[in-house]
Amino acid sequence: MATKQKHYVVWFGNPAGIYSSWETCKKAIAGITGAQYKSFSTLAEAKKAFEGEYNDYINKGGKKNSLTNAEKEKYGKPNLYSIAVDAASSGNPGKMEYRGVDTQTHRQLFHQGPFQQGTNNVGEFLALVHGLAYLKKNNSDRIIYTDSKIAMGWVKAKQCRTKLKQNSKNKTLFELILRAEDWLKLNTYATKIVKWETKAWGEIPADFGRK
């Protein structure tokens, strides 16, 4: 009987992505301290997992972790003197958009998209850079929340490390990516980027509600 093909998700690697063989997955995590990866039985499961966080899928069977009230308390409450950013993609790749909101009032501060042939990770990256630029332009000392560790890593590296290929449909999106990378290289900022703790606080205020 033929062995059923597995698909491998790499949340933190070089580069992150979905791989159809263990050999290609190994290359993506080789030499990466703290590499985050897991195998899935179907491509659909892998795509869904890649849109989420590694910690949600490290339990047996891919079941999400749940926090007790005591565990939630250690995270405290989110800092409402902040903005929150998020992205949504219908397909991977597919139509993608992103936005930033006031964490306390949920008032939308900026919104871009939809873009054709984008991914959620690209959107999260662009949203975070847009948020940083927005706060600097307004001389604001607020912090910024994101629920994407991948986007945080890309911003730190000042590079969008997507495996998405450029084509005629997403040319505009790649121009925006380049602008974002240039902004990171040419600007300094004091804004603190903080991970939104979804398990303790619920969905990030900028969430598009499409789960």
# chains A, B, ... in the order shown; residues from 1 in each chain; ligands from 1
$ closest_atom_pairs --of "stretch 100-131 of chain A" --to "stretch 156-173 of chain A" --cutoff "10 Å" --atoms "only C-alpha atoms" --output "Markdown table"
| residue | atom | partner | partner_atom | distance |
| --- | --- | --- | --- | --- |
| A:Gly113 | CA | A:Leu173 | CA | 9.2 |
| A:Pro114 | CA | A:Leu173 | CA | 9.8 |
| A:Phe115 | CA | A:Leu173 | CA | 6.5 |
| A:Gln116 | CA | A:Asn170 | CA | 5.5 |
| A:Gln117 | CA | A:Asn170 | CA | 5.5 |
| A:Gly118 | CA | A:Asn170 | CA | 6.9 |
| A:Thr119 | CA | A:Leu164 | CA | 7.7 |
| A:Asn121 | CA | A:Thr162 | CA | 7.6 |
| A:Val122 | CA | A:Thr162 | CA | 6.8 |
| A:Gly123 | CA | A:Leu173 | CA | 9.5 |
| A:Phe125 | CA | A:Cys160 | CA | 7.0 |
| A:Leu126 | CA | A:Cys160 | CA | 8.7 |
| A:Val129 | CA | A:Lys158 | CA | 9.6 |
$ residues_around --residues "A:His7" --least-positions-apart "3" --cutoff "8 Å" --atoms "only C-alpha atoms" --output "ChimeraX atom specification"
/A:18-21,39-43,46
$ residues_around --residues "A:Asp207" --least-positions-apart "6" --cutoff "8 Å" --atoms "only C-alpha atoms" --output "ChimeraX atom specification"
/A:85-88
$ select_by_dssp --residues "stretch 19-164 of chain A" --states "helix (DSSP H, G or I)" --output "count of residues only"
54
$ atom_distance --atom1 "atom CA of A:Tyr57" --atom2 "atom CA of A:Ala44"
14.4 Å
$ closest_atom_pairs --of "stretch 19-93 of chain A" --to "stretch 189-193 of chain A" --cutoff "12 Å" --atoms "only C-alpha atoms" --output "tab-separated table"
residue	atom	partner	partner_atom	distance
A:Asn79	CA	A:Lys192	CA	11.6
A:Tyr81	CA	A:Lys192	CA	11.8
A:Ser82	CA	A:Lys192	CA	9.7
A:Ile83	CA	A:Ile193	CA	10.1
A:Ala84	CA	A:Ile193	CA	9.9
A:Val85	CA	A:Ile193	CA	10.7
$ write_last_selection --atoms "C-alpha atoms" --output "tab-separated table (two decimals), in the first residue's frame"
chain	number	residue	atom	x	y	z
A	79	ASN	CA	-2.15	47.68	27.17
A	81	TYR	CA	-2.74	52.64	24.99
A	82	SER	CA	-1.74	50.96	21.75
A	83	ILE	CA	-2.73	50.07	18.22
A	84	ALA	CA	-3.32	46.57	16.88
A	85	VAL	CA	-2.71	45.29	13.35
$ residues_around --residues "A:Trp196" --least-positions-apart "6" --cutoff "8 Å" --atoms "only C-alpha atoms" --output "VMD selection string"
chain A and resid 78 145 to 147 204
$ atom_distance --atom1 "atom CA of A:Gly76" --atom2 "atom CA of A:Pro205"
16.6 Å
$ closest_residue --among "A:Arg99, A:Lys74, A:Lys38, A:Lys137" --to "A:Gly17" --atoms "only C-alpha atoms"
A:Lys38
$ closest_residue --among "A:Ser89, A:Tyr75, A:Lys47, A:Val9" --to "A:Ile29" --atoms "only C-alpha atoms"
A:Val9
$ select_by_dssp --residues "stretch 142-211 of chain A" --states "strand (DSSP E)" --output "list of chain:residue names"
A:Ile143, A:Ile144, A:Tyr145, A:Thr146, A:Ile193, A:Val194, A:Lys195
$ residues_around --residues "A:Val101" --least-positions-apart "2" --cutoff "6 Å" --atoms "only C-alpha atoms" --output "VMD selection string"
chain A and resid 83 to 84 103 106 to 109 206
$ write_last_selection --atoms "C-alpha atoms" --output "PDB file, in the first residue's frame"
ATOM      1  CA  ILE A  83      -2.727  50.068  18.224  1.00  0.00           C
ATOM      2  CA  ALA A  84      -3.316  46.574  16.882  1.00  0.00           C
ATOM      3  CA  THR A 103      -6.879  48.776  20.577  1.00  0.00           C
ATOM      4  CA  HIS A 106     -11.429  49.408  17.713  1.00  0.00           C
ATOM      5  CA  ARG A 107     -11.593  52.498  15.503  1.00  0.00           C
ATOM      6  CA  GLN A 108      -9.915  51.756  12.188  1.00  0.00           C
ATOM      7  CA  LEU A 109      -6.788  53.853  11.687  1.00  0.00           C
ATOM      8  CA  ALA A 206      -7.872  44.280  14.271  1.00  0.00           C
TER       9      ALA A 206
END
$ closest_residue --among "A:Lys26, A:His130, A:Lys136, A:His111" --to "A:Ala180" --atoms "only C-alpha atoms"
A:His130
$ closest_residue --among "A:Ile177, A:Val10, A:Leu186, A:Ala127" --to "A:Ala49" --atoms "only C-alpha atoms"
A:Val10
$ residues_around --residues "A:Ser148" --least-positions-apart "6" --cutoff "8 Å" --atoms "only C-alpha atoms" --output "list in words"
Glu53, Asn121, Glu124 and Lys195 of chain A
$ atom_distance --atom1 "atom CA of A:Val194" --atom2 "atom CA of A:Ser140"
15.6 Å
$ closest_residue --among "A:Lys185, A:Lys199, A:Lys6, A:Arg142" --to "A:Glu45" --atoms "only C-alpha atoms"
A:Lys6
$ closest_residue --among "A:Asn139, A:Gln36, A:Asn92, A:Thr198" --to "A:Tyr54" --atoms "only C-alpha atoms"
A:Gln36
